[in-house]
Amino acid sequence: MRRILWFRLDLRVEDNPLLSLEGEVFPIFIFDRNILDKLEKNDRRVSMIFHYVLKLKEKLKELGLDLKIFYGKPQEIFNSLNLSEFDEVVASGDYDSYAKERDLEISLLIHFHYIYDTYLFKPKEVLKGDGSPYLVFTAFYNKGIPLLKGREISVYKNTSQILYNSDYTNELTLESMGFETQIFEILQDINEKIEQFKKLLPEYKINRDFLSIPATSDLSVALRFGLVSVREIYRKFVDLEGGEAFIRQLIFRDFYAYLLFHFPHLQTHNYKGKFNGIEDKEKFERFCSASTGFPIVDAGVRELLQTGKMHNRVRMVVASFFTKDLLLPWQWGEKFFAQHLLDYDAASNILSWQWSAGTGIDPQPYFRVFNPYLQSKKFDKEAVYIKKYLPVLEQIDAKYIHNEEYLLEAKIPNYPKPMVEHKVAAKIAIDYFKNGA
Ligand SMILES: Cc1cc2nc3c(=O)[nH]c(=O)nc-3n(C[C@H](O)[C@H](O)[C@H](O)COP(=O)(O)OP(=O)(O)OC[C@H]3O[C@@H](n4cnc5c(N)ncnc54)[C@H](O)[C@@H]3O)c2cc1C
């Protein structure tokens, strides 16, 4: 058997089903122009992925294999290979509409052997008695957990594969693909990260929402690009004290991918409600330039623009503010996050935005609006996080940073007044959503 091993969201050699198949192999990675052509030339994710693809190439070399790195549209790349020399292509992946369409196109050219690696469950594994998908996370979780516990989640062992030698050579660089090299935070060694997080795990549930306490795993980028196997993360944490709360979040990741698989129209359309926000470019620009006058929102946007990350609690506050206080279309916010998040994942991002807008599948009602001031008071009492990303507020006492009246009245040098009054905006949003419900 001779196979093309198509690495995509599994940039690792450990516990990777692609490397557990025997026979002759031709490992490839494609920098996909269908995706890259839409990105800015200074997109830092491209530099990051390039880095991890080269690391994968090095690691494959240690196994006697080599990774051929291509740049182009997958269909064209496959057409340029001598496909009659191969029996099949093997790959895992995710379930957004582009991924499905791309794989379908390739399956018309060569036998496509799909393997499940990215998530804990296969998309049709956790279903209701009548065979339909769950719509509520808790029900999905309650059905899924016994399935996980009841099976052995073994490690995929590397077999000694034989490298198929093609005469293809390439000297791909970021510059040759038209991208500028960007600085990004190289992830700490995954095993060290895991060991560090084990110490935080017992307090994960109570601390995970506090913005300046190191409490979460910071594994989302590694999970997104398959730098670590999700099965390994599950195995390492499931039986530890505090593990349950953490595994629950990991299963949220699965649930969102599952929903997108079963309800592909959610990628762009509401599940419930006709209301779709109001397109207001001026408001949007103030949001994107972190000048809404809402400290927690502006700090979150700054964090995103500076680091490519944003704390989960802040993502929730920001998305609620965007869709409710500003009444902007959730699709705009989703796109903004998609442009900047290093851990960007279509399913988690889209479904979370729909959750915040109250238009999603889950029972989040449209009338639940986060109060940004109460949120920052509760989760960033001393404004440590806010001041880190908004040094312009350094001299302001934390208690005023959470105080709407103060912010509406005071003249803070180089910082704008709140662009809306929260209570008024929240009421307008609730009426608006109610009419569209
Ligand atoms: C509006 C919005 C947009 C989001 N967009 C993304 C995105 O594009 N990519 C992404 O990976 N996560 C997204 N999330 C979920 C969450 O914010 C991140 O996964 C989390 O902040 C990553 O930090 P961590 O690895 O330290 O998480 P931990 O708390 O340590 O959680 C462990 C892992 O579980 C998964 N996870 C945790 N929380 C969630 C959640 N609420 N939904 C889905 N999976 C979760 C992640 O893979 C995470 O790495 C979004 C949340 C919101 C509210």
# chains A, B, ... in the order shown; residues from 1 in each chain; ligands from 1
>>> select_by_dssp(residues="range 89-172 of chain A", states="strand (DSSP E)", output="count of residues only")
8
>>> residues_near_ligand(ligand="ligand 1", cutoff="6 Å", atoms="only C-alpha atoms and all ligand atoms", output="mmCIF file with C-alpha atoms, in the first residue's frame")
data_model
loop_
_atom_site.group_PDB
_atom_site.id
_atom_site.type_symbol
_atom_site.label_atom_id
_atom_site.label_comp_id
_atom_site.auth_asym_id
_atom_site.auth_seq_id
_atom_site.Cartn_x
_atom_site.Cartn_y
_atom_site.Cartn_z
ATOM 1 C CA THR A 216 -6.346 27.783 32.505
ATOM 2 C CA SER A 217 -4.277 25.403 30.411
ATOM 3 C CA ASP A 218 -3.425 27.732 27.514
ATOM 4 C CA LEU A 219 -3.641 24.672 25.292
ATOM 5 C CA SER A 220 -6.068 25.986 22.683
ATOM 6 C CA LEU A 223 -5.156 21.654 20.277
ATOM 7 C CA GLN A 249 -14.459 22.387 28.544
ATOM 8 C CA LEU A 250 -12.615 19.995 26.258
ATOM 9 C CA PHE A 252 -17.382 21.845 24.682
ATOM 10 C CA ARG A 253 -14.832 21.984 21.894
ATOM 11 C CA HIS A 311 -9.169 35.286 27.973
ATOM 12 C CA ASN A 312 -12.377 33.216 27.691
ATOM 13 C CA ARG A 315 -14.343 36.837 24.918
ATOM 14 C CA MET A 316 -17.798 36.364 26.424
ATOM 15 C CA ALA A 319 -19.090 39.283 22.270
ATOM 16 C CA ASP A 343 -6.411 29.581 18.275
ATOM 17 C CA TYR A 344 -9.075 30.475 15.719
ATOM 18 C CA ASP A 345 -11.352 27.536 15.200
ATOM 19 C CA SER A 348 -15.803 27.193 18.563
ATOM 20 C CA ASN A 349 -15.753 30.756 17.345
ATOM 21 C CA SER A 352 -19.671 30.987 20.760
ATOM 22 C CA TRP A 353 -20.621 34.148 18.884
#
>>> closest_residue(among="A:Leu187, A:Ala347, A:Val238, A:Val384", to="Leu201 in chain A", atoms="only C-alpha atoms")
A:Val238
>>> closest_residue(among="A:His402, A:Lys199, A:His113, A:Lys57", to="Gly293 in chain A", atoms="only C-alpha atoms")
A:His402
>>> closest_atom_pairs(of="range 16-60 of chain A", to="range 118-140 of chain A", cutoff="12 Å", atoms="only C-alpha atoms", output="CSV")
residue,atom,partner,partner_atom,distance
A:Asn16,CA,A:Thr118,CA,10.0
A:Pro17,CA,A:Thr118,CA,10.5
A:Leu18,CA,A:Thr118,CA,11.9
>>> select_by_dssp(residues="range 238-306 of chain A", states="helix (DSSP H, G or I)", output="PyMOL selection string")
chain A and resi 243-262+264-267+281-288+295-306
>>> residues_around(residues="Glu76 in chain A", least_positions_apart="4", cutoff="12 Å", atoms="only C-alpha atoms", output="list of chain:residue names")
A:Ile30, A:Asp32, A:Arg33, A:Asn34, A:Phe70, A:Tyr71, A:Gly72, A:Ser80, A:Leu81, A:Asn82, A:Leu83, A:Arg102, A:Glu105, A:Ile106, A:Leu109
>>> atom_distance(atom1="CA of Glu88 in chain A", atom2="CA of Tyr114 in chain A")
10.0 Å
>>> atom_distance(atom1="CA of Asp254 in chain A", atom2="CA of Trp330 in chain A")
21.6 Å
>>> closest_residue(among="A:Phe255, A:Glu421, A:Gly277, A:Ile77", to="Asn142 in chain A", atoms="only C-alpha atoms")
A:Phe255
>>> closest_residue(among="A:Leu374, A:Asp117, A:Ile206, A:Ile386", to="Ser229 in chain A", atoms="only C-alpha atoms")
A:Asp117
>>> residues_around(residues="Leu266 in chain A", least_positions_apart="5", cutoff="12 Å", atoms="only C-alpha atoms", output="ChimeraX atom specification")
/A:95-97,256-261,271-272,330-331,346-355,359-361
>>> closest_residue(among="A:Val297, A:Ile186, A:Leu211, A:Leu54", to="Ile401 in chain A", atoms="only C-alpha atoms")
A:Val297
>>> residues_around(residues="Thr159 in chain A", least_positions_apart="3", cutoff="8 Å", atoms="only C-alpha atoms", output="number ranges by chain")
A: 19-22
>>> residues_around(residues="Ile49 in chain A", least_positions_apart="6", cutoff="10 Å", atoms="only C-alpha atoms", output="MDAnalysis selection string")
chainID A and resid 11 31 55 225 342
>>> atom_distance(atom1="CA of His340 in chain A", atom2="CA of Glu40 in chain A")
10.4 Å
>>> residues_around(residues="Ala398 in chain A", least_positions_apart="5", cutoff="7 Å", atoms="only C-alpha atoms", output="PyMOL selection string")
chain A and resi 381-383
>>> closest_residue(among="A:Arg12, A:Pro202, A:Phe370, A:Ala215", to="Glu58 in chain A", atoms="only C-alpha atoms")
A:Arg12
>>> decode(residues="range 338-386 of chain A", atoms="N, CA and C atoms", output="PDB file, in the first residue's frame")
ATOM      1  N   ALA A 338     -11.764  35.925  13.983  1.00  0.00           N
ATOM      2  CA  ALA A 338     -11.135  34.972  13.057  1.00  0.00           C
ATOM      3  C   ALA A 338      -9.845  35.540  12.477  1.00  0.00           C
ATOM      4  N   GLN A 339      -9.830  36.863  12.290  1.00  0.00           N
ATOM      5  CA  GLN A 339      -8.621  37.476  11.718  1.00  0.00           C
ATOM      6  C   GLN A 339      -7.462  37.491  12.698  1.00  0.00           C
ATOM      7  N   HIS A 340      -7.789  37.527  13.981  1.00  0.00           N
ATOM      8  CA  HIS A 340      -6.713  37.788  14.950  1.00  0.00           C
ATOM      9  C   HIS A 340      -6.390  36.669  15.930  1.00  0.00           C
ATOM     10  N   LEU A 341      -7.336  35.768  16.185  1.00  0.00           N
ATOM     11  CA  LEU A 341      -7.073  34.738  17.203  1.00  0.00           C
ATOM     12  C   LEU A 341      -6.064  33.704  16.704  1.00  0.00           C
ATOM     13  N   LEU A 342      -5.062  33.446  17.492  1.00  0.00           N
ATOM     14  CA  LEU A 342      -4.111  32.385  17.122  1.00  0.00           C
ATOM     15  C   LEU A 342      -4.782  31.017  17.197  1.00  0.00           C
ATOM     16  N   ASP A 343      -5.747  30.885  18.123  1.00  0.00           N
ATOM     17  CA  ASP A 343      -6.411  29.581  18.275  1.00  0.00           C
ATOM     18  C   ASP A 343      -7.693  29.507  17.440  1.00  0.00           C
ATOM     19  N   TYR A 344      -7.805  30.401  16.451  1.00  0.00           N
ATOM     20  CA  TYR A 344      -9.075  30.475  15.719  1.00  0.00           C
ATOM     21  C   TYR A 344      -9.537  29.102  15.223  1.00  0.00           C
ATOM     22  N   ASP A 345     -10.756  28.806  15.580  1.00  0.00           N
ATOM     23  CA  ASP A 345     -11.352  27.536  15.200  1.00  0.00           C
ATOM     24  C   ASP A 345     -12.787  27.873  14.795  1.00  0.00           C
ATOM     25  N   ALA A 346     -13.128  27.582  13.543  1.00  0.00           N
ATOM     26  CA  ALA A 346     -14.428  28.031  13.018  1.00  0.00           C
ATOM     27  C   ALA A 346     -15.568  27.598  13.943  1.00  0.00           C
ATOM     28  N   ALA A 347     -15.587  26.327  14.323  1.00  0.00           N
ATOM     29  CA  ALA A 347     -16.721  25.830  15.111  1.00  0.00           C
ATOM     30  C   ALA A 347     -16.827  26.552  16.456  1.00  0.00           C
ATOM     31  N   SER A 348     -15.740  26.571  17.229  1.00  0.00           N
ATOM     32  CA  SER A 348     -15.803  27.193  18.563  1.00  0.00           C
ATOM     33  C   SER A 348     -16.131  28.674  18.449  1.00  0.00           C
ATOM     34  N   ASN A 349     -15.551  29.317  17.455  1.00  0.00           N
ATOM     35  CA  ASN A 349     -15.753  30.756  17.345  1.00  0.00           C
ATOM     36  C   ASN A 349     -17.182  31.084  16.907  1.00  0.00           C
ATOM     37  N   ILE A 350     -17.629  30.436  15.857  1.00  0.00           N
ATOM     38  CA  ILE A 350     -18.977  30.733  15.331  1.00  0.00           C
ATOM     39  C   ILE A 350     -20.047  30.404  16.372  1.00  0.00           C
ATOM     40  N   LEU A 351     -19.929  29.223  16.957  1.00  0.00           N
ATOM     41  CA  LEU A 351     -20.975  28.816  17.911  1.00  0.00           C
ATOM     42  C   LEU A 351     -20.943  29.688  19.174  1.00  0.00           C
ATOM     43  N   SER A 352     -19.752  30.113  19.577  1.00  0.00           N
ATOM     44  CA  SER A 352     -19.671  30.987  20.760  1.00  0.00           C
ATOM     45  C   SER A 352     -20.271  32.354  20.450  1.00  0.00           C
ATOM     46  N   TRP A 353     -20.020  32.852  19.255  1.00  0.00           N
ATOM     47  CA  TRP A 353     -20.621  34.148  18.884  1.00  0.00           C
ATOM     48  C   TRP A 353     -22.133  34.023  18.812  1.00  0.00           C
ATOM     49  N   GLN A 354     -22.607  32.924  18.260  1.00  0.00           N
ATOM     50  CA  GLN A 354     -24.073  32.743  18.183  1.00  0.00           C
ATOM     51  C   GLN A 354     -24.652  32.616  19.596  1.00  0.00           C
ATOM     52  N   TRP A 355     -23.911  31.958  20.477  1.00  0.00           N
ATOM     53  CA  TRP A 355     -24.347  31.836  21.873  1.00  0.00           C
ATOM     54  C   TRP A 355     -24.486  33.234  22.474  1.00  0.00           C
ATOM     55  N   SER A 356     -23.466  34.060  22.270  1.00  0.00           N
ATOM     56  CA  SER A 356     -23.483  35.408  22.846  1.00  0.00           C
ATOM     57  C   SER A 356     -24.616  36.241  22.278  1.00  0.00           C
ATOM     58  N   ALA A 357     -24.873  36.096  20.993  1.00  0.00           N
ATOM     59  CA  ALA A 357     -25.930  36.889  20.359  1.00  0.00           C
ATOM     60  C   ALA A 357     -27.319  36.364  20.733  1.00  0.00           C
ATOM     61  N   GLY A 358     -27.347  35.146  21.307  1.00  0.00           N
ATOM     62  CA  GLY A 358     -28.643  34.544  21.643  1.00  0.00           C
ATOM     63  C   GLY A 358     -29.340  33.994  20.405  1.00  0.00           C
ATOM     64  N   THR A 359     -28.577  33.778  19.336  1.00  0.00           N
ATOM     65  CA  THR A 359     -29.189  33.278  18.093  1.00  0.00           C
ATOM     66  C   THR A 359     -28.855  31.800  17.865  1.00  0.00           C
ATOM     67  N   GLY A 360     -28.073  31.220  18.796  1.00  0.00           N
ATOM     68  CA  GLY A 360     -27.551  29.857  18.573  1.00  0.00           C
ATOM     69  C   GLY A 360     -28.522  28.762  18.978  1.00  0.00           C
ATOM     70  N   ILE A 361     -27.989  27.536  18.925  1.00  0.00           N
ATOM     71  CA  ILE A 361     -28.802  26.352  19.195  1.00  0.00           C
ATOM     72  C   ILE A 361     -29.103  26.208  20.690  1.00  0.00           C
ATOM     73  N   ASP A 362     -28.100  26.561  21.485  1.00  0.00           N
ATOM     74  CA  ASP A 362     -28.200  26.362  22.932  1.00  0.00           C
ATOM     75  C   ASP A 362     -29.256  27.289  23.539  1.00  0.00           C
ATOM     76  N   PRO A 363     -29.661  26.984  24.751  1.00  0.00           N
ATOM     77  CA  PRO A 363     -30.773  27.769  25.296  1.00  0.00           C
ATOM     78  C   PRO A 363     -30.397  29.153  25.844  1.00  0.00           C
ATOM     79  N   GLN A 364     -29.285  29.725  25.424  1.00  0.00           N
ATOM     80  CA  GLN A 364     -28.941  31.083  25.876  1.00  0.00           C
ATOM     81  C   GLN A 364     -30.003  32.060  25.374  1.00  0.00           C
ATOM     82  N   PRO A 365     -30.777  32.675  26.273  1.00  0.00           N
ATOM     83  CA  PRO A 365     -31.869  33.536  25.796  1.00  0.00           C
ATOM     84  C   PRO A 365     -31.363  34.905  25.330  1.00  0.00           C
ATOM     85  N   TYR A 366     -32.083  35.523  24.414  1.00  0.00           N
ATOM     86  CA  TYR A 366     -31.661  36.812  23.856  1.00  0.00           C
ATOM     87  C   TYR A 366     -31.615  37.907  24.913  1.00  0.00           C
ATOM     88  N   PHE A 367     -32.420  37.731  25.998  1.00  0.00           N
ATOM     89  CA  PHE A 367     -32.484  38.816  26.986  1.00  0.00           C
ATOM     90  C   PHE A 367     -31.364  38.749  28.016  1.00  0.00           C
ATOM     91  N   ARG A 368     -30.462  37.765  27.884  1.00  0.00           N
ATOM     92  CA  ARG A 368     -29.326  37.746  28.814  1.00  0.00           C
ATOM     93  C   ARG A 368     -28.223  38.641  28.248  1.00  0.00           C
ATOM     94  N   VAL A 369     -27.995  39.752  28.916  1.00  0.00           N
ATOM     95  CA  VAL A 369     -26.982  40.702  28.441  1.00  0.00           C
ATOM     96  C   VAL A 369     -25.953  40.873  29.559  1.00  0.00           C
ATOM     97  N   PHE A 370     -24.698  40.659  29.253  1.00  0.00           N
ATOM     98  CA  PHE A 370     -23.661  40.839  30.279  1.00  0.00           C
ATOM     99  C   PHE A 370     -23.513  42.323  30.595  1.00  0.00           C
ATOM    100  N   ASN A 371     -23.390  42.647  31.880  1.00  0.00           N
ATOM    101  CA  ASN A 371     -23.069  44.017  32.260  1.00  0.00           C
ATOM    102  C   ASN A 371     -21.538  44.117  32.342  1.00  0.00           C
ATOM    103  N   PRO A 372     -20.910  44.843  31.415  1.00  0.00           N
ATOM    104  CA  PRO A 372     -19.435  44.856  31.369  1.00  0.00           C
ATOM    105  C   PRO A 372     -18.807  45.372  32.658  1.00  0.00           C
ATOM    106  N   TYR A 373     -19.512  46.302  33.332  1.00  0.00           N
ATOM    107  CA  TYR A 373     -18.937  46.870  34.564  1.00  0.00           C
ATOM    108  C   TYR A 373     -18.964  45.842  35.699  1.00  0.00           C
ATOM    109  N   LEU A 374     -20.085  45.130  35.809  1.00  0.00           N
ATOM    110  CA  LEU A 374     -20.166  44.115  36.871  1.00  0.00           C
ATOM    111  C   LEU A 374     -19.187  42.975  36.586  1.00  0.00           C
ATOM    112  N   GLN A 375     -19.049  42.658  35.313  1.00  0.00           N
ATOM    113  CA  GLN A 375     -18.123  41.579  34.936  1.00  0.00           C
ATOM    114  C   GLN A 375     -16.690  41.956  35.303  1.00  0.00           C
ATOM    115  N   SER A 376     -16.291  43.187  34.999  1.00  0.00           N
ATOM    116  CA  SER A 376     -14.897  43.555  35.300  1.00  0.00           C
ATOM    117  C   SER A 376     -14.700  43.679  36.811  1.00  0.00           C
ATOM    118  N   LYS A 377     -15.724  44.166  37.511  1.00  0.00           N
ATOM    119  CA  LYS A 377     -15.609  44.288  38.972  1.00  0.00           C
ATOM    120  C   LYS A 377     -15.425  42.900  39.599  1.00  0.00           C
ATOM    121  N   LYS A 378     -16.180  41.928  39.066  1.00  0.00           N
ATOM    122  CA  LYS A 378     -16.119  40.586  39.645  1.00  0.00           C
ATOM    123  C   LYS A 378     -14.824  39.850  39.276  1.00  0.00           C
ATOM    124  N   PHE A 379     -14.434  39.946  38.018  1.00  0.00           N
ATOM    125  CA  PHE A 379     -13.335  39.093  37.556  1.00  0.00           C
ATOM    126  C   PHE A 379     -11.984  39.799  37.416  1.00  0.00           C
ATOM    127  N   ASP A 380     -12.004  41.139  37.597  1.00  0.00           N
ATOM    128  CA  ASP A 380     -10.722  41.873  37.527  1.00  0.00           C
ATOM    129  C   ASP A 380     -10.805  43.030  38.517  1.00  0.00           C
ATOM    130  N   LYS A 381     -11.081  42.662  39.773  1.00  0.00           N
ATOM    131  CA  LYS A 381     -11.408  43.658  40.802  1.00  0.00           C
ATOM    132  C   LYS A 381     -10.369  44.783  40.876  1.00  0.00           C
ATOM    133  N   GLU A 382      -9.111  44.395  40.884  1.00  0.00           N
ATOM    134  CA  GLU A 382      -8.060  45.417  41.010  1.00  0.00           C
ATOM    135  C   GLU A 382      -7.665  45.995  39.654  1.00  0.00           C
ATOM    136  N   ALA A 383      -8.370  45.612  38.623  1.00  0.00           N
ATOM    137  CA  ALA A 383      -8.128  46.101  37.251  1.00  0.00           C
ATOM    138  C   ALA A 383      -6.706  45.796  36.764  1.00  0.00           C
ATOM    139  N   VAL A 384      -6.167  44.703  37.239  1.00  0.00           N
ATOM    140  CA  VAL A 384      -4.787  44.340  36.849  1.00  0.00           C
ATOM    141  C   VAL A 384      -4.733  44.031  35.351  1.00  0.00           C
ATOM    142  N   TYR A 385      -5.700  43.231  34.917  1.00  0.00           N
ATOM    143  CA  TYR A 385      -5.747  42.857  33.494  1.00  0.00           C
ATOM    144  C   TYR A 385      -6.006  44.110  32.648  1.00  0.00           C
ATOM    145  N   ILE A 386      -6.991  44.888  33.065  1.00  0.00           N
ATOM    146  CA  ILE A 386      -7.364  46.077  32.272  1.00  0.00           C
ATOM    147  C   ILE A 386      -6.174  47.027  32.149  1.00  0.00           C
TER     148      ILE A 386
END
